[in-house]
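A quick write-up on the structure given underneath.
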Amino acid sequence: MKASETRTWEIERRTREMKRIYLLESTDPSYEATTDFIQAEPHNVSDGPNCPACGGPTGAFRWAPPLRAELETWGNRYGDMAFGPSESMLLSERFKELWLKSGLMGLEGFEPVEIVKVVRRGKRFKDPPPAYFRVVPQRSQAAFDSVASGEQWEEPPSPRCEVCREGGNSKGWERIVLEEEPRENICRVRGFGGVLVDEHFKRFVEENGLLNCPLVPAEEAAHWF
Ligand SMILES: [Zn+2]
């Protein structure tokens, strides 16, 4: 077998044996309930976590209180998730209540966020926003498999810390393949910037009709910068 055939076979085997993984995107292509946020001033941040091996930063700065945000809506309803320029995401009160009863894991925070302004870019609907809560997806021990994912680099990524997998300048990837299955149902993995969820998370979102949680199957989640 050629090396490329071996790799394809290995990816297929791993994909069969692991739970299905999806990339959580920040924009719903239907725009029905697309909701974004930006932090209102004063916007305080605290340092993100550091890698226990190399000591380098492993995440963005973390949004610190007071948690006050401006919302932007692009459809005719509010999303149950809202996305912004940080590791933080907002959950509606309904999402939060269902999540805390669900037994699923991978989110931390759940602090209330004061919505100080709503900018409606889509339909001009009048309802006030639901209560929103800030969450941060946990960092998983699982890692992105750069080779199996077909990642290409502007600059060679090495030397690169094997623990945090930070560093290097990525051109993009053909798909998302993980080295091992994450324990969490939603998380960030080592070596990949986006938020990943599993099939249990997908079912939770679908069964509860939660809005603005767009998911792309990992094998179709190609991205080029
Ligand atoms: Zn490191």
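Residues are named by chain letter and number: chains run A, B, ... in the order of the structure tokens, numbers start at 1 in each chain, and ligands are numbered from 1 in the order shown.
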
>> Residues of stretch 32-78 of chain A classed as strand (DSSP E or B) by DSSP on the backbone are to be reported as number ranges by chain.
In response: A: 35-39, 44-46, 50, 57, 62-64, 68-73

Would you name the residues within 10 Å of ligand 1, counting only C-alpha atoms and all ligand atoms, and put them as a PDB file with C-alpha atoms, in the first residue's frame?
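The resulting file, part_29.pdb, is reproduced below:
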ATOM      1  CA  ASN A  50      -0.692  28.793  30.035  1.00  0.00           C
ATOM      2  CA  CYS A  51       0.739  25.515  28.801  1.00  0.00           C
ATOM      3  CA  PRO A  52       2.117  23.400  31.677  1.00  0.00           C
ATOM      4  CA  ALA A  53       4.964  22.183  29.440  1.00  0.00           C
ATOM      5  CA  CYS A  54       6.279  25.257  27.560  1.00  0.00           C
ATOM      6  CA  GLY A  55       4.611  28.020  29.597  1.00  0.00           C
ATOM      7  CA  GLY A  56       3.230  29.708  26.464  1.00  0.00           C
ATOM      8  CA  PRO A  57      -0.322  31.055  26.254  1.00  0.00           C
ATOM      9  CA  THR A  58      -2.831  28.437  25.092  1.00  0.00           C
ATOM     10  CA  ARG A 160       6.372  23.074  18.283  1.00  0.00           C
ATOM     11  CA  CYS A 161       5.310  22.114  21.786  1.00  0.00           C
ATOM     12  CA  GLU A 162       3.877  18.578  21.754  1.00  0.00           C
ATOM     13  CA  VAL A 163       1.619  19.357  24.712  1.00  0.00           C
ATOM     14  CA  CYS A 164      -0.209  22.554  23.667  1.00  0.00           C
ATOM     15  CA  ARG A 165       0.480  22.288  19.879  1.00  0.00           C
ATOM     16  CA  GLU A 166       0.549  26.078  19.678  1.00  0.00           C
ATOM     17  CA  GLY A 167       2.667  27.841  17.079  1.00  0.00           C
ATOM     18  CA  ARG A 190      -5.040  20.910  21.324  1.00  0.00           C
TER      19      ARG A 190
END

> Could you pull the residues within 6 Å of stretch 79-88 of chain A, counting only C-alpha atoms, minus those fewer than 4 positions along the same chain, as a ChimeraX atom specification?
Replying inline: /A:26,33-38,92,135-136,210-212

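Counting only C-alpha atoms, the residue from A:Leu23, A:Leu98, A:Val205, A:Ala143 that sits nearest to A:Ala222 is A:Leu23.
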
> Can you tell me, as a list in words, what residues are no more than 6 Å from A:Glu93 when counting only C-alpha atoms, ignoring any on the same chain fewer than 2 positions away?
Replying inline: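 Using only C-alpha atoms, the neighbours found are Phe95, Lys96, Ala131 and Tyr132 of chain A.
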
N, CA and C atoms of the current selection, written as a compact mmCIF listing (two decimals), in the first residue's frame:
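The resulting file, out12.txt, is reproduced below:
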# COMPACT_ATOMS: atom_id res chain seq x y z
N PHE A 95 -31.35 27.63 26.75
CA PHE A 95 -30.24 26.72 26.47
C PHE A 95 -29.57 26.31 27.78
N LYS A 96 -29.30 27.31 28.62
CA LYS A 96 -28.59 27.04 29.87
C LYS A 96 -29.38 26.05 30.74
N ALA A 131 -32.60 36.46 28.50
CA ALA A 131 -31.43 36.56 29.37
C ALA A 131 -30.32 35.72 28.75
N TYR A 132 -29.10 36.27 28.72
CA TYR A 132 -27.96 35.52 28.18
C TYR A 132 -26.92 35.28 29.26

Excluding same-chain residues fewer than 3 positions from A:Ala218, what lies within 8 Å of it counting only C-alpha atoms, as a short mmCIF file (atom, residue, chain, number, x, y, z; two decimals) with N, CA, C and O atoms, in the first residue's frame?
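Dumped to selection.cif:
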data_model
loop_
_atom_site.label_atom_id
_atom_site.label_comp_id
_atom_site.auth_asym_id
_atom_site.auth_seq_id
_atom_site.Cartn_x
_atom_site.Cartn_y
_atom_site.Cartn_z
N ARG A 20 -19.11 10.80 16.29
CA ARG A 20 -19.02 11.78 15.20
C ARG A 20 -18.79 13.18 15.77
O ARG A 20 -19.36 13.55 16.79
N ILE A 21 -17.94 13.93 15.09
CA ILE A 21 -17.53 15.26 15.54
C ILE A 21 -17.99 16.29 14.52
O ILE A 21 -17.99 16.04 13.31
N TYR A 22 -18.38 17.46 15.03
CA TYR A 22 -18.85 18.56 14.18
C TYR A 22 -18.14 19.85 14.60
O TYR A 22 -17.83 20.05 15.78
N LEU A 23 -17.93 20.71 13.62
CA LEU A 23 -17.40 22.04 13.91
C LEU A 23 -18.58 22.98 14.18
O LEU A 23 -19.53 23.03 13.39
N ARG A 175 -9.95 18.73 6.30
CA ARG A 175 -10.99 18.11 7.13
C ARG A 175 -10.50 18.18 8.55
O ARG A 175 -9.36 18.58 8.80
N ILE A 176 -11.33 17.76 9.48
CA ILE A 176 -10.90 17.73 10.88
C ILE A 176 -10.87 16.27 11.34
O ILE A 176 -11.90 15.59 11.34
N VAL A 177 -9.67 15.79 11.66
CA VAL A 177 -9.50 14.45 12.22
C VAL A 177 -8.79 14.62 13.56
O VAL A 177 -7.80 15.36 13.64
N ALA A 221 -15.33 19.83 7.01
CA ALA A 221 -15.00 21.16 7.56
C ALA A 221 -13.64 21.65 7.03
O ALA A 221 -12.77 22.02 7.80
#

> Hey, can you check how far atom CA of A:Leu215 sits from atom CA of A:Gly194?
Replying inline: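 Straight-line distance from atom CA of A:Leu215 to atom CA of A:Gly194 works out to 11.7 Å.
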
> For A:Phe125, which of A:Arg77, A:Leu178, A:Ser140, A:Val113 is the closest residue, counting only C-alpha atoms?
Replying inline: A:Arg77

>> Report, in Å with one decimal, the straight-line distance from atom CA of A:Cys213 to atom CA of A:Asp28.
In response: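 Taking atom CA of A:Cys213 and atom CA of A:Asp28, their separation equals 7.3 Å.
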
> So which one's closest to A:Ala60, A:Val195, A:Ser30, A:Glu108, A:Val45? Using only C-alpha atoms, please.
Replying inline: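 Result for the nearest residue to A:Ala60: A:Val45.
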
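Distance annotation: of A:Val116, A:Met18, A:Leu91, A:Leu100, the residue with the minimal separation from A:Arg183 is A:Met18; atom set is only C-alpha atoms.
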
>> I'd like the contact shell of A:Leu67 - 9 Å cut-off, only C-alpha atoms, skipping same-chain residues fewer than 3 positions apart - returned as a PyMOL selection string.
In response: chain A and resi 39-40+43-44+63-64+111-115+134

> How many Å lie between atom CA of A:Met105 and atom CA of A:Gly209, rounded to one decimal?
Replying inline: 19.0 Å

> Looking only at the backbone, which of the residues in stretch 69-222 of chain A does DSSP tag as alpha helix (DSSP H), as number ranges by chain?
Replying inline: A: 93-102, 199-207
